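Raw contents of query.cif, mmCIF, C-alpha atoms:
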```
data_upload
#
loop_
_atom_site.label_atom_id
_atom_site.label_comp_id
_atom_site.auth_asym_id
_atom_site.auth_seq_id
_atom_site.Cartn_x
_atom_site.Cartn_y
_atom_site.Cartn_z
CA MET A 14 0.00 0.00 0.00
CA SER A 15 1.25 3.47 -0.82
CA GLY A 16 2.67 6.25 1.33
CA GLY A 17 2.71 4.72 4.84
CA LEU A 18 -0.89 3.52 4.79
CA ASP A 19 -1.49 0.41 6.87
CA PRO A 20 -3.40 -2.21 4.83
CA LEU A 21 -4.69 -3.77 8.03
CA ILE A 22 -6.33 -0.53 9.20
CA HIS A 23 -7.38 0.89 5.84
CA PRO A 24 -10.66 -1.06 5.23
CA PRO A 25 -13.41 1.48 6.06
CA ALA A 26 -14.90 -0.36 9.05
CA ARG A 27 -11.48 -0.99 10.59
CA LEU A 28 -10.48 2.62 10.11
CA GLN A 29 -13.64 3.72 11.93
CA VAL A 30 -12.98 1.21 14.72
CA MET A 31 -9.41 2.40 15.25
CA GLY A 32 -10.46 6.03 14.87
CA LEU A 33 -12.99 5.69 17.67
CA LEU A 34 -10.67 3.65 19.89
CA ALA A 35 -8.05 6.38 19.56
CA LYS A 36 -10.35 8.78 21.40
CA VAL A 37 -11.71 6.55 24.18
CA SER A 38 -10.15 4.27 26.78
CA GLU A 39 -12.52 1.45 25.87
CA ILE A 40 -15.87 0.98 24.22
CA GLU A 41 -18.54 -1.67 24.51
CA PHE A 42 -18.93 -4.01 21.51
CA GLY A 43 -22.57 -3.10 20.83
CA ARG A 44 -21.86 0.64 20.99
CA LEU A 45 -18.95 0.23 18.59
CA ARG A 46 -21.07 -1.85 16.24
CA ASP A 47 -23.79 0.82 16.17
CA LEU A 48 -21.33 3.64 15.56
CA VAL A 49 -19.44 1.83 12.81
CA GLY A 50 -22.70 0.58 11.29
CA VAL A 51 -21.85 -3.08 10.72
CA SER A 52 -23.31 -6.37 11.90
CA ASP A 53 -22.13 -8.26 14.99
CA SER A 54 -20.42 -10.94 12.91
CA LEU A 55 -18.64 -8.46 10.65
CA LEU A 56 -17.38 -6.43 13.59
CA SER A 57 -16.18 -9.62 15.27
CA LYS A 58 -14.20 -10.51 12.14
CA HIS A 59 -12.62 -7.08 11.99
CA LEU A 60 -11.76 -7.16 15.68
CA ALA A 61 -10.29 -10.64 15.30
CA ALA A 62 -8.00 -9.40 12.53
CA LEU A 63 -7.01 -6.29 14.49
CA GLY A 64 -6.52 -8.37 17.62
CA GLU A 65 -4.31 -10.85 15.79
CA ALA A 66 -2.10 -7.96 14.74
CA GLY A 67 -1.94 -6.78 18.33
CA TYR A 68 -3.84 -3.58 17.61
CA VAL A 69 -6.81 -4.14 19.92
CA ASP A 70 -7.55 -5.91 23.18
CA LEU A 71 -10.89 -7.42 24.07
CA ARG A 72 -12.08 -8.18 27.56
CA LYS A 73 -15.32 -9.51 28.90
CA ALA A 74 -16.93 -8.02 31.98
CA ALA A 75 -20.35 -8.21 33.58
CA LEU A 76 -22.37 -5.04 33.82
CA ASP A 77 -25.87 -4.97 35.26
CA GLY A 78 -26.11 -8.74 35.12
CA ARG A 79 -25.10 -9.00 31.45
CA GLN A 80 -21.80 -10.17 30.07
CA ARG A 81 -20.36 -7.51 27.79
CA THR A 82 -17.28 -7.27 25.61
CA TRP A 83 -15.12 -4.17 25.89
CA VAL A 84 -12.69 -3.13 23.18
CA ALA A 85 -9.60 -1.00 23.61
CA ALA A 86 -6.70 -0.09 21.35
CA THR A 87 -3.27 -1.33 22.39
CA LEU A 88 -0.22 0.90 22.40
CA ALA A 89 0.89 -0.68 19.13
CA GLY A 90 -2.58 -0.17 17.69
CA GLY A 91 -2.61 3.46 18.73
CA ARG A 92 0.75 4.07 17.10
CA ALA A 93 -0.25 2.21 13.94
CA PHE A 94 -3.44 4.24 13.69
CA SER A 95 -1.61 7.54 14.24
CA ALA A 96 0.82 6.69 11.46
CA HIS A 97 -2.02 5.62 9.16
CA LEU A 98 -3.98 8.78 9.95
CA ALA A 99 -0.98 10.97 9.20
CA ALA A 100 -0.51 9.20 5.87
CA LEU A 101 -4.20 9.64 5.02
CA GLN A 102 -4.08 13.33 5.92
CA ALA A 103 -0.96 13.82 3.80
CA LEU A 104 -2.66 12.11 0.90
CA ALA A 105 -5.83 14.16 1.37
CA GLY A 106 -3.81 17.36 1.62
CA VAL A 107 -5.15 18.30 5.06
CA GLY A 108 -3.30 19.23 8.26
CA ALA A 109 -2.92 17.00 11.32
CA GLY A 110 -5.92 17.04 13.62
CA MET B 27 -3.54 -3.21 -2.67
CA ASN B 28 -4.62 -0.42 -5.07
CA ASP B 29 -3.29 3.07 -4.41
CA VAL B 30 -5.63 5.32 -2.50
CA THR B 31 -6.64 8.53 -4.24
CA PRO B 32 -6.76 11.91 -2.47
CA ALA B 33 -10.55 11.92 -2.85
CA GLU B 34 -10.78 8.49 -1.21
CA ALA B 35 -8.52 9.69 1.60
CA ARG B 36 -10.71 12.76 2.15
CA ALA B 37 -13.83 10.58 2.18
CA ALA B 38 -12.29 8.25 4.75
CA LEU B 39 -11.34 11.18 6.96
CA ALA B 40 -14.81 12.68 6.64
CA ASP B 41 -16.34 9.36 7.78
CA LEU B 42 -13.95 9.34 10.71
CA ASP B 43 -14.98 12.85 11.72
CA ARG B 44 -18.67 12.00 11.44
CA ASN B 45 -18.37 8.97 13.72
CA ARG B 46 -16.40 10.91 16.30
CA VAL B 47 -18.94 13.73 16.33
CA GLU B 48 -21.75 11.20 16.73
CA LEU B 49 -19.96 9.61 19.68
CA ALA B 50 -19.16 12.93 21.35
CA THR B 51 -22.65 14.38 21.02
CA SER B 52 -24.14 11.22 22.51
CA MET B 53 -21.98 11.63 25.60
CA ASP B 54 -23.47 14.84 26.99
CA ALA B 55 -23.56 14.22 30.72
CA PRO B 56 -26.60 15.46 32.67
CA PHE B 57 -26.14 17.92 35.55
CA LEU B 58 -26.44 15.10 38.10
CA ARG B 59 -23.36 13.41 36.68
CA HIS B 60 -21.25 16.56 37.09
CA PHE B 61 -22.81 17.13 40.53
CA ALA B 62 -21.97 13.58 41.63
CA PHE B 63 -18.35 14.04 40.56
CA ALA B 64 -18.13 17.33 42.46
CA VAL B 65 -19.66 15.78 45.59
CA THR B 66 -17.15 12.92 45.41
CA ALA B 67 -14.28 15.42 45.20
CA ALA B 68 -15.70 17.39 48.15
CA VAL B 69 -16.06 14.26 50.28
CA MET B 70 -12.52 13.21 49.39
CA MET B 71 -11.20 16.63 50.39
CA LEU B 72 -13.16 16.61 53.64
CA SER B 73 -11.76 13.22 54.58
CA ALA B 74 -8.23 14.40 53.79
CA THR B 75 -8.38 17.63 55.78
CA SER B 76 -10.24 16.43 58.87
CA PRO B 77 -8.60 13.47 60.64
CA LYS B 78 -11.85 12.56 62.38
CA LEU B 79 -13.55 12.18 59.00
CA ILE B 80 -10.91 9.95 57.38
CA GLY B 81 -13.53 7.22 57.06
CA LEU B 82 -15.22 9.30 54.39
CA THR B 83 -12.44 8.23 52.02
CA ALA B 84 -14.20 4.89 51.55
CA LEU B 85 -17.43 6.73 50.73
CA ALA B 86 -15.63 8.84 48.15
CA MET B 87 -14.11 5.71 46.58
CA LEU B 88 -17.56 4.13 46.37
CA GLY B 89 -18.76 7.31 44.69
CA VAL B 90 -16.03 7.04 42.07
CA VAL B 91 -16.90 3.40 41.38
CA ALA B 92 -20.61 4.23 41.09
CA ILE B 93 -19.93 7.09 38.66
CA LEU B 94 -17.72 4.89 36.46
CA ARG B 95 -20.35 2.14 36.38
CA TRP B 96 -23.01 4.66 35.49
CA ASP B 97 -20.86 6.05 32.64
CA ARG B 98 -20.20 2.60 31.20
CA ASN B 99 -23.83 1.60 31.43
CA ARG B 100 -25.23 4.82 29.98
CA TYR B 101 -22.71 5.46 27.20
CA GLY B 102 -21.11 2.08 26.58
CA VAL B 103 -17.85 4.00 26.68
CA PHE B 104 -15.16 4.71 29.23
CA VAL B 105 -12.88 7.70 28.75
CA ASN B 106 -10.07 8.03 31.26
CA GLY B 107 -9.98 11.51 32.80
CA TYR B 108 -6.18 11.41 32.71
CA ARG B 109 -6.06 10.69 28.97
CA VAL B 110 -3.42 12.43 26.89
CA GLY B 111 -5.17 14.91 24.69
CA LYS B 112 -6.66 18.39 24.86
CA THR B 113 -8.45 17.45 28.09
CA PHE B 114 -5.19 16.77 29.95
CA PRO B 115 -4.62 20.43 30.96
CA VAL B 116 -8.12 20.49 32.49
CA THR B 117 -7.32 17.42 34.57
CA ILE B 118 -3.98 18.87 35.66
CA ALA B 119 -5.58 22.20 36.55
CA LEU B 120 -8.09 20.42 38.79
CA LEU B 121 -5.35 18.35 40.44
CA VAL B 122 -3.27 21.47 41.09
CA ALA B 123 -6.30 23.26 42.56
CA LEU B 124 -7.16 20.34 44.83
CA ILE B 125 -3.60 19.70 45.98
CA GLY B 126 -3.10 23.41 46.57
CA SER B 127 -6.28 23.52 48.61
CA LEU B 128 -5.09 20.54 50.63
CA VAL B 129 -1.76 22.24 51.40
CA VAL B 130 -3.42 25.51 52.42
CA ALA B 131 -5.95 23.64 54.56
CA ALA B 132 -3.15 21.75 56.33
CA ARG B 133 -1.30 24.99 57.09
CA VAL B 134 -4.39 26.79 58.38
CA ARG B 135 -5.43 23.83 60.52
CA GLU B 136 -2.06 23.96 62.27
CA HIS B 137 -3.26 27.25 63.74
CA GLY B 138 -6.33 25.56 65.18
CA GLU B 139 -8.87 26.60 62.53
CA VAL B 140 -10.90 23.41 62.40
CA TRP B 141 -13.50 24.85 60.00
CA ILE B 142 -10.93 24.84 57.21
CA GLY B 143 -11.85 21.27 56.22
CA TYR B 144 -15.34 22.42 55.28
CA GLY B 145 -13.98 25.40 53.38
CA ALA B 146 -11.59 23.16 51.43
CA ALA B 147 -14.44 20.74 50.66
CA ALA B 148 -16.58 23.59 49.36
CA PHE B 149 -13.71 24.77 47.18
CA ALA B 150 -13.16 21.20 45.92
CA PHE B 151 -16.86 20.95 45.04
CA VAL B 152 -16.80 24.15 42.99
CA ALA B 153 -13.47 23.33 41.32
CA ALA B 154 -14.54 19.78 40.44
CA LEU B 155 -17.92 20.93 39.10
CA ALA B 156 -16.27 23.53 36.88
CA ALA B 157 -13.60 21.06 35.76
CA SER B 158 -16.19 18.41 34.93
CA TYR B 159 -18.09 20.76 32.63
CA ALA B 160 -14.86 22.15 31.14
CA TRP B 161 -13.54 18.62 30.48
CA GLN B 162 -16.72 17.71 28.61
CA ILE B 163 -16.59 20.89 26.50
CA VAL B 164 -12.94 20.37 25.61
CA TYR B 165 -13.44 16.68 24.81
CA LYS B 166 -16.36 17.41 22.50
CA ARG B 167 -14.34 20.11 20.78
CA GLU B 168 -11.46 17.68 20.32
CA MET B 169 -13.89 15.24 18.71
CA GLY B 170 -15.13 17.91 16.35
CA ALA B 171 -18.57 18.30 17.94
#
```
Would you write the structure of this file as C-alpha cells?
Amino acid sequence: MSGGLDPLIHPPARLQVMGLLAKVSEIEFGRLRDLVGVSDSLLSKHLAALGEAGYVDLRKAALDGRQRTWVAATLAGGRAFSAHLAALQALAGVGAG
Amino acid sequence: MNDVTPAEARAALADLDRNRVELATSMDAPFLRHFAFAVTAAVMMLSATSPKLIGLTALAMLGVVAILRWDRNRYGVFVNGYRVGKTFPVTIALLVALIGSLVVAARVREHGEVWIGYGAAAFAFVAALAASYAWQIVYKREMGA
C-alpha cells in the first residue's frame, strides 16, 4: 500500500474502529457496532484481525447482570493508527488534527 | 492493494470525523453526573483535611466506582480523565487546585482553625464541578462536535 498507509487498518470499518478507539479508553462491543454501522459478525471478524495484529484488546466483563465485551486499542494499535492517519491526511492534503 | 486517491482519503477522513462527532454528542452528561463528581471530590477533600472524618475516604471511593459504572452503562464507553489529549490540561488544573487547597488547609489547621476542612471541601466541590463541565466541553471540541 502506498505512502505509509497500513493495509490492516485501511478497510473502512477498521479505520472507523481504530479512529474511535483512539479517542476513548474502551468501548462496549454493541456501541462500537452501532457507531461503525456493521453487523455483529462483521465487527467480530474485523476485531479478530485487528486483535491478531496486536492492535486491539478485548475483555469480557459483567455489567448490570449481562456479560459484555469491551474493546480497547493497544499501544501498538494506537501508534499504527496515528501513522495511518498521518498518511491519510498527507494524501488528502489536510493538516494533522 | 490499489493506491488510495486523495478523494478516497478525504472521504475516509470525513467518515472518521462523522463517527467521532456522533460519539461525542451522545456523551453529553446530565447535571447530576457533574454534581456527583463534584460531591465525590468534596467528600474526598473533607476526609483528607479532617482526621476525624478519614472514614469518608471509603465513601468517596464508592462514589467514584458508582460514577464509572453509570458512565459505562449509559454510554457504553469509558474515557479516562487522565487521557493524553486536549483534556489533559483540564485534569492537571483540577489536580493542582485540589492539591493546593489541601496544602493551604493543612497549614491553616495547624493554627487551630478546624473549620478549614469544610472550606476546602466547598472549594473542591466548585473546582470539580467547573472542571467536569470544562472537560466535557474540551473533549467534545477535540472530537469535532
Would you list the contacts of Gly111 of chain B as a CSV table (one decimal) with C-alpha atoms, in the frame of the given file, taking every protein, DNA or RNA residue within 10 Å and counting only C-alpha atoms, but skipping same-chain residues closer than 2 positions in sequence?
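Writing the result to around-v2.csv gives the following:
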```csv
chain,number,residue,atom,x,y,z
A,36,LYS,CA,-10.4,8.8,21.4
B,108,TYR,CA,-6.2,11.4,32.7
B,109,ARG,CA,-6.1,10.7,29.0
B,113,THR,CA,-8.4,17.4,28.1
B,114,PHE,CA,-5.2,16.8,30.0
B,115,PRO,CA,-4.6,20.4,31.0
B,164,VAL,CA,-12.9,20.4,25.6
B,165,TYR,CA,-13.4,16.7,24.8
B,168,GLU,CA,-11.5,17.7,20.3
```
* Asked: For chain B, which residues have at least one atom within 10 Å of chain A, if we go by only C-alpha atoms? Write them as a PyMOL selection string, please.
  -> chain B and resi 27-39+41-46+48-50+95-96+98-99+101-107+109-111+165+168-170
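Using only C-alpha atoms, the nearest neighbour of Val69 of chain B within the list B:Ala157, B:Met53, B:Val47, B:Ala86 is B:Ala86.
Within 9 Å of Ala93 of chain A, once only C-alpha atoms are used and residues closer than 6 positions along the same chain are dropped, the contacting residues are Asp19, Ile22 and Tyr68 of chain A.
Among the candidate residues B:Trp161, B:Trp141, B:Val152, B:Ala171, the one lying nearest to Thr75 of chain B is B:Trp141, with distances computed using only C-alpha atoms.
Interatomic distance, atom CA of Val122 of chain B to atom CA of Ile80 of chain B: 21.4 Å.
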Can you rebuild segment 34-45 of chain B with all heavy atoms and give it as an mmCIF file, keeping the file's coordinate frame?
```cif
data_model
loop_
_atom_site.group_PDB
_atom_site.id
_atom_site.type_symbol
_atom_site.label_atom_id
_atom_site.label_comp_id
_atom_site.auth_asym_id
_atom_site.auth_seq_id
_atom_site.Cartn_x
_atom_site.Cartn_y
_atom_site.Cartn_z
ATOM 1 N N GLU B 34 -10.445 9.607 -2.100
ATOM 2 C CA GLU B 34 -10.780 8.490 -1.210
ATOM 3 C C GLU B 34 -10.274 8.762 0.206
ATOM 4 O O GLU B 34 -10.935 8.447 1.201
ATOM 5 C CB GLU B 34 -10.184 7.190 -1.742
ATOM 6 C CG GLU B 34 -10.924 6.648 -2.963
ATOM 7 C CD GLU B 34 -10.162 5.528 -3.653
ATOM 8 O OE1 GLU B 34 -8.928 5.396 -3.433
ATOM 9 O OE2 GLU B 34 -10.800 4.789 -4.431
ATOM 10 N N ALA B 35 -9.086 9.352 0.290
ATOM 11 C CA ALA B 35 -8.520 9.690 1.600
ATOM 12 C C ALA B 35 -9.403 10.712 2.305
ATOM 13 O O ALA B 35 -9.692 10.585 3.501
ATOM 14 C CB ALA B 35 -7.100 10.223 1.452
ATOM 15 N N ARG B 36 -9.843 11.723 1.549
ATOM 16 C CA ARG B 36 -10.710 12.760 2.150
ATOM 17 C C ARG B 36 -12.032 12.149 2.599
ATOM 18 O O ARG B 36 -12.561 12.492 3.661
ATOM 19 C CB ARG B 36 -10.946 13.896 1.150
ATOM 20 C CG ARG B 36 -9.809 14.903 1.079
ATOM 21 C CD ARG B 36 -10.207 16.134 0.296
ATOM 22 N NE ARG B 36 -10.363 15.851 -1.122
ATOM 23 C CZ ARG B 36 -9.361 15.857 -2.002
ATOM 24 N NH1 ARG B 36 -8.133 16.134 -1.625
ATOM 25 N NH2 ARG B 36 -9.595 15.585 -3.276
ATOM 26 N N ALA B 37 -12.570 11.242 1.817
ATOM 27 C CA ALA B 37 -13.830 10.580 2.180
ATOM 28 C C ALA B 37 -13.667 9.757 3.455
ATOM 29 O O ALA B 37 -14.530 9.757 4.334
ATOM 30 C CB ALA B 37 -14.317 9.705 1.030
ATOM 31 N N ALA B 38 -12.560 9.057 3.552
ATOM 32 C CA ALA B 38 -12.290 8.250 4.750
ATOM 33 C C ALA B 38 -12.172 9.137 5.978
ATOM 34 O O ALA B 38 -12.705 8.823 7.058
ATOM 35 C CB ALA B 38 -11.005 7.439 4.558
ATOM 36 N N LEU B 39 -11.497 10.255 5.832
ATOM 37 C CA LEU B 39 -11.340 11.180 6.960
ATOM 38 C C LEU B 39 -12.671 11.806 7.339
ATOM 39 O O LEU B 39 -12.957 12.004 8.523
ATOM 40 C CB LEU B 39 -10.327 12.282 6.595
ATOM 41 C CG LEU B 39 -8.881 11.813 6.467
ATOM 42 C CD1 LEU B 39 -8.006 12.925 5.884
ATOM 43 C CD2 LEU B 39 -8.327 11.366 7.816
ATOM 44 N N ALA B 40 -13.492 12.099 6.361
ATOM 45 C CA ALA B 40 -14.810 12.680 6.640
ATOM 46 C C ALA B 40 -15.684 11.679 7.416
ATOM 47 O O ALA B 40 -16.407 12.055 8.345
ATOM 48 C CB ALA B 40 -15.500 13.074 5.340
ATOM 49 N N ASP B 41 -15.593 10.401 7.039
ATOM 50 C CA ASP B 41 -16.340 9.360 7.780
ATOM 51 C C ASP B 41 -15.861 9.280 9.223
ATOM 52 O O ASP B 41 -16.651 9.113 10.154
ATOM 53 C CB ASP B 41 -16.152 7.994 7.112
ATOM 54 C CG ASP B 41 -17.005 7.864 5.862
ATOM 55 O OD1 ASP B 41 -17.948 8.657 5.700
ATOM 56 O OD2 ASP B 41 -16.711 6.969 5.043
ATOM 57 N N LEU B 42 -14.545 9.380 9.379
ATOM 58 C CA LEU B 42 -13.950 9.340 10.710
ATOM 59 C C LEU B 42 -14.479 10.491 11.567
ATOM 60 O O LEU B 42 -14.903 10.306 12.712
ATOM 61 C CB LEU B 42 -12.434 9.464 10.557
ATOM 62 C CG LEU B 42 -11.525 8.933 11.648
ATOM 63 C CD1 LEU B 42 -11.786 7.480 11.903
ATOM 64 C CD2 LEU B 42 -10.078 9.112 11.221
ATOM 65 N N ASP B 43 -14.489 11.667 10.998
ATOM 66 C CA ASP B 43 -14.980 12.850 11.720
ATOM 67 C C ASP B 43 -16.446 12.683 12.100
ATOM 68 O O ASP B 43 -16.847 13.000 13.219
ATOM 69 C CB ASP B 43 -14.821 14.109 10.853
ATOM 70 C CG ASP B 43 -13.365 14.530 10.703
ATOM 71 O OD1 ASP B 43 -12.533 14.056 11.514
ATOM 72 O OD2 ASP B 43 -13.063 15.324 9.789
ATOM 73 N N ARG B 44 -17.231 12.169 11.178
ATOM 74 C CA ARG B 44 -18.670 12.000 11.440
ATOM 75 C C ARG B 44 -18.911 11.058 12.613
ATOM 76 O O ARG B 44 -19.730 11.324 13.489
ATOM 77 C CB ARG B 44 -19.353 11.424 10.186
ATOM 78 C CG ARG B 44 -20.362 12.355 9.552
ATOM 79 C CD ARG B 44 -21.202 11.678 8.487
ATOM 80 N NE ARG B 44 -20.468 10.815 7.587
ATOM 81 C CZ ARG B 44 -19.832 11.233 6.492
ATOM 82 N NH1 ARG B 44 -19.826 12.497 6.165
ATOM 83 N NH2 ARG B 44 -19.191 10.363 5.720
ATOM 84 N N ASN B 45 -18.198 9.956 12.630
ATOM 85 C CA ASN B 45 -18.370 8.970 13.720
ATOM 86 C C ASN B 45 -17.962 9.553 15.056
ATOM 87 O O ASN B 45 -18.607 9.308 16.074
ATOM 88 C CB ASN B 45 -17.533 7.722 13.437
ATOM 89 C CG ASN B 45 -18.333 6.679 12.690
ATOM 90 O OD1 ASN B 45 -19.540 6.796 12.564
ATOM 91 N ND2 ASN B 45 -17.657 5.659 12.200
#
```
